[in-house]
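Engineer: Provided below: my_file22.cif, containing mmCIF, C-alpha atoms (C1' of nucleotides).
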```
data_coords
loop_
_atom_site.label_atom_id
_atom_site.label_comp_id
_atom_site.auth_asym_id
_atom_site.auth_seq_id
_atom_site.Cartn_x
_atom_site.Cartn_y
_atom_site.Cartn_z
CA MET A 237 129.17 86.71 54.84
CA THR A 238 128.71 86.93 58.60
CA LEU A 239 131.62 87.20 61.00
CA ASP A 240 130.76 83.89 62.54
CA GLU A 241 130.83 82.24 59.15
CA LEU A 242 134.20 83.76 58.38
CA ASP A 243 135.53 82.49 61.67
CA ARG A 244 134.36 78.97 60.96
CA ILE A 245 135.77 78.99 57.45
CA ALA A 246 139.07 80.34 58.72
CA LEU A 247 139.16 77.61 61.32
CA GLN A 248 138.74 74.96 58.65
CA PHE A 249 141.54 76.48 56.61
CA ARG A 250 143.78 76.58 59.63
CA LEU A 251 143.14 72.88 60.08
CA LEU A 252 144.50 72.29 56.59
CA GLY A 253 147.44 74.58 57.26
CA GLU A 254 149.58 71.90 58.80
CA PRO A 255 151.67 69.53 56.66
CA LEU A 256 151.17 66.66 59.07
CA ARG A 257 147.41 67.00 58.85
CA LEU A 258 147.56 67.08 55.07
CA LYS A 259 149.57 63.89 55.23
CA ILE A 260 146.91 62.38 57.44
CA LEU A 261 144.24 63.32 54.92
CA GLU A 262 146.33 61.70 52.24
CA ALA A 263 146.62 58.57 54.36
CA VAL A 264 142.88 58.14 54.82
CA CYS A 265 141.72 59.50 51.50
CA ASP A 266 140.50 56.20 50.07
CA ARG A 267 139.61 54.17 53.16
CA PRO A 268 139.40 54.50 56.93
CA ARG A 269 142.54 53.43 58.73
CA ALA A 270 143.55 52.63 62.29
CA VAL A 271 145.59 55.13 64.27
CA ASN A 272 148.43 52.68 64.42
CA ASP A 273 148.50 52.46 60.68
CA ILE A 274 148.23 56.21 60.19
CA VAL A 275 151.07 56.83 62.62
CA ALA A 276 153.29 54.58 60.55
CA ALA A 277 152.15 56.10 57.28
CA VAL A 278 152.82 59.71 58.23
CA GLY A 279 155.89 59.14 60.36
CA ALA A 280 154.81 60.90 63.51
CA THR A 281 154.69 60.21 67.23
CA GLN A 282 151.62 58.31 68.39
CA ALA A 283 150.74 61.10 70.81
CA ASN A 284 151.12 63.77 68.19
CA ALA A 285 149.12 61.94 65.56
CA SER A 286 146.40 61.15 68.07
CA LYS A 287 146.05 64.81 68.92
CA HIS A 288 145.75 65.86 65.32
CA LEU A 289 143.24 63.10 64.65
CA SER A 290 141.09 64.15 67.58
CA LEU A 291 141.21 67.72 66.42
CA MET A 292 140.25 66.89 62.87
CA ALA A 293 137.43 64.63 64.02
CA ALA A 294 136.11 67.27 66.39
CA ALA A 295 136.12 69.76 63.55
CA GLY A 296 134.06 67.42 61.41
CA LEU A 297 136.85 66.70 58.98
CA LEU A 298 137.27 63.06 59.91
CA SER A 299 134.96 60.30 61.03
CA ARG A 300 135.88 58.18 64.01
CA GLU A 301 134.87 54.59 64.62
CA LYS A 302 136.05 52.27 67.33
CA ARG A 303 136.36 48.69 66.18
CA GLY A 304 137.84 46.13 68.55
CA GLN A 305 140.88 47.65 70.19
CA SER A 306 141.56 49.95 67.29
CA VAL A 307 140.05 53.25 66.27
CA TYR A 308 139.48 53.91 62.62
CA TYR A 309 139.57 57.39 61.21
CA GLY A 310 138.24 58.18 57.76
CA LEU A 311 137.21 61.08 55.59
CA LYS A 312 133.95 62.61 56.69
CA ASN A 313 133.38 64.51 53.48
CA PRO A 314 135.38 63.82 50.30
CA LEU A 315 134.74 67.39 49.22
CA ILE A 316 137.74 68.37 51.30
CA LEU A 317 139.92 66.53 48.81
CA ARG A 318 138.67 68.83 46.08
CA VAL A 319 139.59 71.81 48.22
CA CYS A 320 143.12 70.48 48.55
CA ALA A 321 143.36 69.66 44.86
CA LEU A 322 142.18 73.13 43.92
CA MET A 323 144.69 74.74 46.22
CA HIS A 324 147.39 72.55 44.76
CA ALA A 325 146.42 73.69 41.28
CA GLN A 326 146.28 77.29 42.39
CA LEU A 327 149.89 77.10 43.54
CA LYS A 328 151.05 76.49 40.00
CA GLY A 329 148.74 78.85 38.19
CA MET B 246 153.12 64.41 47.04
CA THR B 247 156.55 65.64 48.14
CA LEU B 248 157.19 67.13 51.57
CA ASP B 249 158.09 70.45 50.05
CA GLU B 250 154.81 70.53 48.16
CA LEU B 251 152.86 69.73 51.31
CA ASP B 252 154.64 72.54 53.12
CA ARG B 253 153.75 75.03 50.43
CA ILE B 254 150.14 73.93 50.28
CA ALA B 255 149.89 74.10 54.06
CA LEU B 256 151.33 77.59 53.98
CA GLN B 257 148.67 78.70 51.53
CA PHE B 258 145.97 77.23 53.70
CA ARG B 259 147.38 78.97 56.74
CA LEU B 260 147.13 82.23 54.86
CA LEU B 261 143.42 81.63 54.45
CA GLY B 262 143.08 80.63 58.06
CA GLU B 263 142.62 84.15 59.36
CA PRO B 264 139.22 85.84 59.30
CA LEU B 265 140.75 89.24 58.63
CA ARG B 266 142.52 87.93 55.56
CA LEU B 267 139.33 86.34 54.29
CA LYS B 268 137.66 89.69 54.72
CA ILE B 269 140.45 91.27 52.72
CA LEU B 270 139.92 88.74 49.94
CA GLU B 271 136.24 89.57 49.99
CA ALA B 272 137.08 93.25 49.75
CA VAL B 273 139.22 92.90 46.65
CA CYS B 274 137.39 90.06 44.98
CA ASP B 275 135.97 92.07 42.10
CA ARG B 276 138.48 94.89 41.68
CA PRO B 277 141.81 96.11 43.04
CA ARG B 278 141.47 98.57 45.88
CA ALA B 279 143.72 100.99 47.73
CA VAL B 280 144.96 100.11 51.20
CA ASN B 281 143.07 103.04 52.60
CA ASP B 282 139.87 101.68 51.16
CA ILE B 283 140.52 98.14 52.29
CA VAL B 284 141.27 99.30 55.82
CA ALA B 285 137.88 100.96 55.95
CA ALA B 286 136.11 97.98 54.42
CA VAL B 287 137.49 95.39 56.81
CA GLY B 288 137.59 97.55 59.92
CA ALA B 289 141.20 97.04 60.93
CA THR B 290 144.14 99.16 61.91
CA GLN B 291 146.14 100.54 59.01
CA ALA B 292 149.29 98.92 60.30
CA ASN B 293 147.66 95.58 60.76
CA ALA B 294 145.98 95.56 57.38
CA SER B 295 149.21 96.64 55.71
CA LYS B 296 151.04 93.76 57.27
CA HIS B 297 148.48 91.23 56.13
CA LEU B 298 148.44 92.72 52.64
CA SER B 299 152.21 92.50 52.36
CA LEU B 300 152.11 88.92 53.52
CA MET B 301 149.42 87.92 51.06
CA ALA B 302 151.19 89.67 48.21
CA ALA B 303 154.49 88.03 49.09
CA ALA B 304 152.74 84.66 49.06
CA GLY B 305 151.40 85.31 45.58
CA LEU B 306 147.82 85.61 46.70
CA LEU B 307 147.48 89.30 45.88
CA SER B 308 148.87 91.61 43.25
CA ARG B 309 150.35 94.92 44.28
CA GLU B 310 150.47 98.04 42.18
CA LYS B 311 151.57 101.49 43.24
CA ARG B 312 149.57 104.22 41.59
CA GLY B 313 150.24 107.79 42.68
CA GLN B 314 150.49 107.87 46.41
CA SER B 315 148.22 104.89 46.83
CA VAL B 316 148.93 101.20 46.57
CA TYR B 317 146.33 98.98 44.99
CA TYR B 318 145.98 95.37 45.97
CA GLY B 319 143.96 92.94 43.89
CA LEU B 320 143.41 89.23 43.42
CA LYS B 321 146.32 87.53 41.76
CA ASN B 322 144.41 84.41 40.85
CA PRO B 323 140.62 84.21 41.02
CA LEU B 324 140.92 80.47 41.56
CA ILE B 325 141.39 81.21 45.23
CA LEU B 326 137.79 82.33 45.37
CA ARG B 327 136.72 78.88 44.25
CA VAL B 328 138.77 77.38 47.03
CA CYS B 329 136.96 79.56 49.53
CA ALA B 330 133.57 78.81 48.03
CA LEU B 331 134.25 75.09 48.12
CA MET B 332 135.29 75.26 51.73
CA HIS B 333 132.20 77.23 52.52
CA ALA B 334 130.08 74.56 50.87
CA GLN B 335 131.96 71.82 52.66
CA LEU B 336 131.06 73.36 56.01
CA LYS B 337 127.39 72.75 55.41
CA GLY B 338 127.57 69.35 53.76
"C1'" DC C 149 143.55 38.27 86.47
"C1'" DC C 150 147.77 39.59 83.96
"C1'" DA C 151 150.45 41.08 80.15
"C1'" DG C 152 150.48 43.29 76.04
"C1'" DT C 153 148.70 46.28 72.60
"C1'" DA C 154 146.16 50.47 71.11
"C1'" DT C 155 144.67 55.02 71.96
"C1'" DA C 156 144.11 59.23 74.52
"C1'" DT C 157 145.44 62.82 77.68
"C1'" DC C 158 148.26 65.90 80.62
"C1'" DA C 159 152.05 68.99 81.66
"C1'" DT C 160 155.59 71.48 79.76
"C1'" DG C 161 158.87 73.88 76.73
"C1'" DT C 162 159.17 76.07 72.44
"C1'" DT C 163 157.97 78.34 68.29
"C1'" DA C 164 154.94 80.93 65.38
"C1'" DT C 165 151.67 84.38 64.50
"C1'" DA C 166 148.88 88.40 65.40
"C1'" DA C 167 147.80 93.14 67.35
"C1'" DT C 168 149.45 97.43 68.75
"C1'" DC C 169 152.10 101.68 69.08
"C1'" DA C 170 155.38 104.49 67.37
"C1'" DT C 171 157.86 105.89 63.66
"C1'" DA C 172 159.80 105.90 59.06
"C1'" DT C 173 159.33 106.32 53.99
"C1'" DG C 174 157.37 108.08 50.01
"C1'" DT C 175 154.30 111.10 47.17
"C1'" DC C 176 151.77 115.03 45.99
"C1'" DC C 177 150.75 119.90 46.06
"C1'" DA C 178 150.65 124.74 47.81
"C1'" DT D 250 160.71 123.33 50.70
"C1'" DG D 251 157.33 122.16 54.04
"C1'" DG D 252 153.12 120.00 55.21
"C1'" DA D 253 149.44 116.71 54.56
"C1'" DC D 254 148.27 112.26 53.18
"C1'" DA D 255 149.16 107.16 52.18
"C1'" DT D 256 151.70 103.17 53.17
"C1'" DA D 257 155.25 100.36 55.34
"C1'" DT D 258 158.25 98.77 59.02
"C1'" DG D 259 160.29 97.80 63.64
"C1'" DA D 260 159.90 96.63 68.45
"C1'" DT D 261 157.13 94.78 71.87
"C1'" DT D 262 153.73 92.09 73.91
"C1'" DA D 263 150.15 88.63 73.94
"C1'" DT D 264 148.29 84.50 72.49
"C1'" DA D 265 147.69 80.35 70.00
"C1'" DA D 266 149.66 76.14 68.21
"C1'" DC D 267 152.82 72.32 67.94
"C1'" DA D 268 155.99 68.54 69.71
"C1'" DT D 269 157.43 65.73 73.31
"C1'" DG D 270 157.64 62.55 77.19
"C1'" DA D 271 155.25 60.47 80.73
"C1'" DT D 272 151.19 58.47 82.06
"C1'" DA D 273 146.40 57.00 82.03
"C1'" DT D 274 142.51 54.35 80.07
"C1'" DA D 275 140.55 50.61 77.42
"C1'" DC D 276 140.39 46.35 75.10
"C1'" DT D 277 142.06 41.42 74.10
"C1'" DG D 278 144.10 37.00 74.47
"C1'" DG D 279 146.25 33.64 77.41
#
```
Now that the file is in, can you turn its structure into structure tokens?

Structural biologist:
Amino acid sequence: MTLDELDRIALQFRLLGEPLRLKILEAVCDRPRAVNDIVAAVGATQANASKHLSLMAAAGLLSREKRGQSVYYGLKNPLILRVCALMHAQLKG
Amino acid sequence: MTLDELDRIALQFRLLGEPLRLKILEAVCDRPRAVNDIVAAVGATQANASKHLSLMAAAGLLSREKRGQSVYYGLKNPLILRVCALMHAQLKG
DNA sequence: CCAGTATATCATGTTATAATCATATGTCCA
DNA sequence: TGGACATATGATTATAACATGATATACTGG
């Protein structure tokens, strides 16, 4: 495993290391949703949620699509849900 | 998913969000190893490695066993390797 | 064009986490 | 017991990350 690879993997893990971001994942896990909607679902400030969404999209975790005056964020790769589920399971084992 | 659960999952992810700690996991993935040995394998300061090892053990990621004048750290639950492998795969997909 | 709604960004204060150096603790053996 | 080796801890500094409030940009309907 190269150093660069480790760095990128670590970065991905760090992205998941924030409760608010996990909540966001939960919010968009079955369908893309507008920022507005996500903000309400996770109970965060618009500015704060927006920042996390940008970050996650930039990291390739979320997809971003502008439709009308809203922006829809969705899961880029459902595999990330398995990662979360595995980690959840690991906590109990 | 309760808030407390999210917090704990996030904490676990944050633990994996450090390249040095991933290296440590790699170093002990097939057998427990002494701190001394791990330090050499990952190329870190003794103090720094020790701190990370303590942290990971406290979080339930690693097992800790004192044998003679050495302390052996090993994987507590091999499931964590699957989490890492999945994340690695996710990066490419 | 204007008002309103939706989203993003910027500046700032604060907290959290990591690396380092020095030092302490503990264990073994001569 | 003293000295060498292995590990842990404490204090300090540096850096990264988050939350917030204010503001900017973009789109839409009237």

Engineer: Distance table requested - chain C against chain B, cut-off 12 Å, all atoms listed in the file: one row per qualifying residue with the closest atom pair and its distance in Å to one decimal, ordered by chain and rising residue number, as CSV.

Structural biologist:
```
residue,atom,partner,partner_atom,distance
C:DA164,C1',B:Arg259,CA,11.6
C:DT165,C1',B:Arg259,CA,10.4
C:DA166,C1',B:Asn293,CA,8.6
C:DA167,C1',B:Asn293,CA,7.0
C:DT168,C1',B:Asn293,CA,8.4
C:DC169,C1',B:Ala292,CA,9.6
C:DA170,C1',B:Ala292,CA,10.9
C:DT171,C1',B:Ala292,CA,11.5
C:DT173,C1',B:Gln314,CA,11.7
C:DG174,C1',B:Gln314,CA,7.8
C:DT175,C1',B:Gln314,CA,5.1
C:DC176,C1',B:Gln314,CA,7.3
```

Engineer: Name every residue that the PyMOL selection byres ((chain A) within 6 of (chain B)) selects in this structure, writing the answer as a PyMOL selection string with chains first and numbers rising.

Structural biologist: chain A and resi 242-243+246-247+249-250+252-255+319

Engineer: For the point (156.7, 77.4, 72.6) in the file's frame, write as a ChimeraX atom specification all residues with an atom no more than 12 Å away, counting all atoms listed in the file.

Structural biologist: /C:160-165 /D:264-269

Engineer: Compute the set of chain D residues within 8 Å of chain A, using only C-alpha atoms (C1' of nucleotides), and express it as number ranges by chain.

Structural biologist: D: 268, 275-277

Engineer: Can you write out the residues you just picked, keeping C-alpha atoms (C1' of nucleotides), as a PDB file, in the coordinates of the input?

Structural biologist:
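result-v3.pdb, written as the output of this step:
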```pdb
ATOM      1  C1'  DA D 268     155.990  68.540  69.710  1.00  0.00           C
ATOM      2  C1'  DA D 275     140.550  50.610  77.420  1.00  0.00           C
ATOM      3  C1'  DC D 276     140.390  46.350  75.100  1.00  0.00           C
ATOM      4  C1'  DT D 277     142.060  41.420  74.100  1.00  0.00           C
TER       5       DT D 277
END
```

Engineer: Could you check how far atom CA of Leu311 of chain A sits from atom CA of Thr247 of chain B, in Å to one decimal?

Structural biologist: 21.2 Å

Engineer: As an exercise, work out the distance from atom CA of Ala303 of chain B to atom CA of Arg278 of chain B in Å and give it to one decimal place.

Structural biologist: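 Separation between atom CA of Ala303 of chain B and atom CA of Arg278 of chain B: 17.1 Å.
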
Engineer: Would you be able to write out as number ranges by chain which residues have an atom within 10 Å of (147.5, 58.1, 56.6) in the file's coordinates, counting all atoms listed in the file?

Structural biologist: A: 256-279, 285, 309-310

Engineer: Just say which residues the PyMOL selection byres ((chain D and resi 278) around 10) picks in this file, as a list in words.

Structural biologist: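 Evaluating the PyMOL selection byres ((chain D and resi 278) around 10) on these coordinates yields DA151 and DG152 of chain C; DT277 and DG279 of chain D.
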
Engineer: Find the distance between atom CA of Tyr317 of chain B and atom CA of Leu298 of chain B and write it in Å to one decimal.

Structural biologist: 10.1 Å

Engineer: Show which residues sit within 12 Å of DA178 of chain C, as a list in words. Count all atoms listed in the file, and ignore same-chain residues fewer than 2 positions away.

Structural biologist: DC176 of chain C; DT250, DG251, DG252 and DA253 of chain D

Engineer: Mind filling out segment 264-288 of chain A with N, CA and C atoms and sending it as a PDB file, in the coordinates of the input?

Structural biologist:
```pdb
ATOM      1  N   VAL A 264     144.225  58.730  54.666  1.00  0.00           N
ATOM      2  CA  VAL A 264     142.880  58.140  54.820  1.00  0.00           C
ATOM      3  C   VAL A 264     141.959  58.463  53.652  1.00  0.00           C
ATOM      4  N   CYS A 265     142.558  58.958  52.571  1.00  0.00           N
ATOM      5  CA  CYS A 265     141.720  59.500  51.500  1.00  0.00           C
ATOM      6  C   CYS A 265     140.859  58.447  50.806  1.00  0.00           C
ATOM      7  N   ASP A 266     141.309  57.187  50.788  1.00  0.00           N
ATOM      8  CA  ASP A 266     140.500  56.200  50.070  1.00  0.00           C
ATOM      9  C   ASP A 266     139.837  55.166  50.967  1.00  0.00           C
ATOM     10  N   ARG A 267     140.234  55.138  52.236  1.00  0.00           N
ATOM     11  CA  ARG A 267     139.610  54.170  53.160  1.00  0.00           C
ATOM     12  C   ARG A 267     139.954  54.594  54.587  1.00  0.00           C
ATOM     13  N   PRO A 268     139.087  54.241  55.524  1.00  0.00           N
ATOM     14  CA  PRO A 268     139.400  54.500  56.930  1.00  0.00           C
ATOM     15  C   PRO A 268     140.593  53.656  57.358  1.00  0.00           C
ATOM     16  N   ARG A 269     141.375  54.183  58.259  1.00  0.00           N
ATOM     17  CA  ARG A 269     142.540  53.430  58.730  1.00  0.00           C
ATOM     18  C   ARG A 269     142.691  53.592  60.239  1.00  0.00           C
ATOM     19  N   ALA A 270     143.321  52.601  60.846  1.00  0.00           N
ATOM     20  CA  ALA A 270     143.550  52.630  62.290  1.00  0.00           C
ATOM     21  C   ALA A 270     144.661  53.609  62.627  1.00  0.00           C
ATOM     22  N   VAL A 271     144.604  54.148  63.816  1.00  0.00           N
ATOM     23  CA  VAL A 271     145.590  55.130  64.270  1.00  0.00           C
ATOM     24  C   VAL A 271     147.001  54.584  64.082  1.00  0.00           C
ATOM     25  N   ASN A 272     147.175  53.395  64.565  1.00  0.00           N
ATOM     26  CA  ASN A 272     148.430  52.680  64.420  1.00  0.00           C
ATOM     27  C   ASN A 272     149.004  52.802  63.025  1.00  0.00           C
ATOM     28  N   ASP A 273     148.154  52.486  62.086  1.00  0.00           N
ATOM     29  CA  ASP A 273     148.500  52.460  60.680  1.00  0.00           C
ATOM     30  C   ASP A 273     148.832  53.872  60.189  1.00  0.00           C
ATOM     31  N   ILE A 274     148.021  54.822  60.605  1.00  0.00           N
ATOM     32  CA  ILE A 274     148.230  56.210  60.190  1.00  0.00           C
ATOM     33  C   ILE A 274     149.553  56.729  60.735  1.00  0.00           C
ATOM     34  N   VAL A 275     149.810  56.414  61.994  1.00  0.00           N
ATOM     35  CA  VAL A 275     151.070  56.830  62.620  1.00  0.00           C
ATOM     36  C   VAL A 275     152.248  56.374  61.768  1.00  0.00           C
ATOM     37  N   ALA A 276     152.198  55.122  61.359  1.00  0.00           N
ATOM     38  CA  ALA A 276     153.290  54.580  60.550  1.00  0.00           C
ATOM     39  C   ALA A 276     153.360  55.283  59.196  1.00  0.00           C
ATOM     40  N   ALA A 277     152.196  55.530  58.621  1.00  0.00           N
ATOM     41  CA  ALA A 277     152.150  56.100  57.280  1.00  0.00           C
ATOM     42  C   ALA A 277     152.702  57.527  57.236  1.00  0.00           C
ATOM     43  N   VAL A 278     152.418  58.297  58.274  1.00  0.00           N
ATOM     44  CA  VAL A 278     152.820  59.710  58.230  1.00  0.00           C
ATOM     45  C   VAL A 278     154.139  59.961  58.947  1.00  0.00           C
ATOM     46  N   GLY A 279     154.613  58.971  59.691  1.00  0.00           N
ATOM     47  CA  GLY A 279     155.890  59.140  60.360  1.00  0.00           C
ATOM     48  C   GLY A 279     155.843  60.161  61.469  1.00  0.00           C
ATOM     49  N   ALA A 280     154.919  59.967  62.389  1.00  0.00           N
ATOM     50  CA  ALA A 280     154.810  60.900  63.510  1.00  0.00           C
ATOM     51  C   ALA A 280     154.764  60.117  64.812  1.00  0.00           C
ATOM     52  N   THR A 281     154.864  60.840  65.924  1.00  0.00           N
ATOM     53  CA  THR A 281     154.690  60.210  67.230  1.00  0.00           C
ATOM     54  C   THR A 281     153.237  59.799  67.386  1.00  0.00           C
ATOM     55  N   GLN A 282     152.996  58.749  68.153  1.00  0.00           N
ATOM     56  CA  GLN A 282     151.620  58.310  68.390  1.00  0.00           C
ATOM     57  C   GLN A 282     150.839  59.426  69.059  1.00  0.00           C
ATOM     58  N   ALA A 283     151.429  60.040  70.062  1.00  0.00           N
ATOM     59  CA  ALA A 283     150.740  61.100  70.810  1.00  0.00           C
ATOM     60  C   ALA A 283     150.382  62.264  69.886  1.00  0.00           C
ATOM     61  N   ASN A 284     151.330  62.629  69.086  1.00  0.00           N
ATOM     62  CA  ASN A 284     151.120  63.770  68.190  1.00  0.00           C
ATOM     63  C   ASN A 284     150.024  63.473  67.173  1.00  0.00           C
ATOM     64  N   ALA A 285     150.120  62.314  66.551  1.00  0.00           N
ATOM     65  CA  ALA A 285     149.120  61.940  65.560  1.00  0.00           C
ATOM     66  C   ALA A 285     147.739  61.878  66.205  1.00  0.00           C
ATOM     67  N   SER A 286     147.673  61.283  67.370  1.00  0.00           N
ATOM     68  CA  SER A 286     146.400  61.150  68.070  1.00  0.00           C
ATOM     69  C   SER A 286     145.762  62.523  68.290  1.00  0.00           C
ATOM     70  N   LYS A 287     146.577  63.478  68.669  1.00  0.00           N
ATOM     71  CA  LYS A 287     146.050  64.810  68.920  1.00  0.00           C
ATOM     72  C   LYS A 287     145.470  65.413  67.648  1.00  0.00           C
ATOM     73  N   HIS A 288     146.224  65.300  66.578  1.00  0.00           N
ATOM     74  CA  HIS A 288     145.750  65.860  65.320  1.00  0.00           C
ATOM     75  C   HIS A 288     144.466  65.157  64.865  1.00  0.00           C
TER      76      HIS A 288
END
```
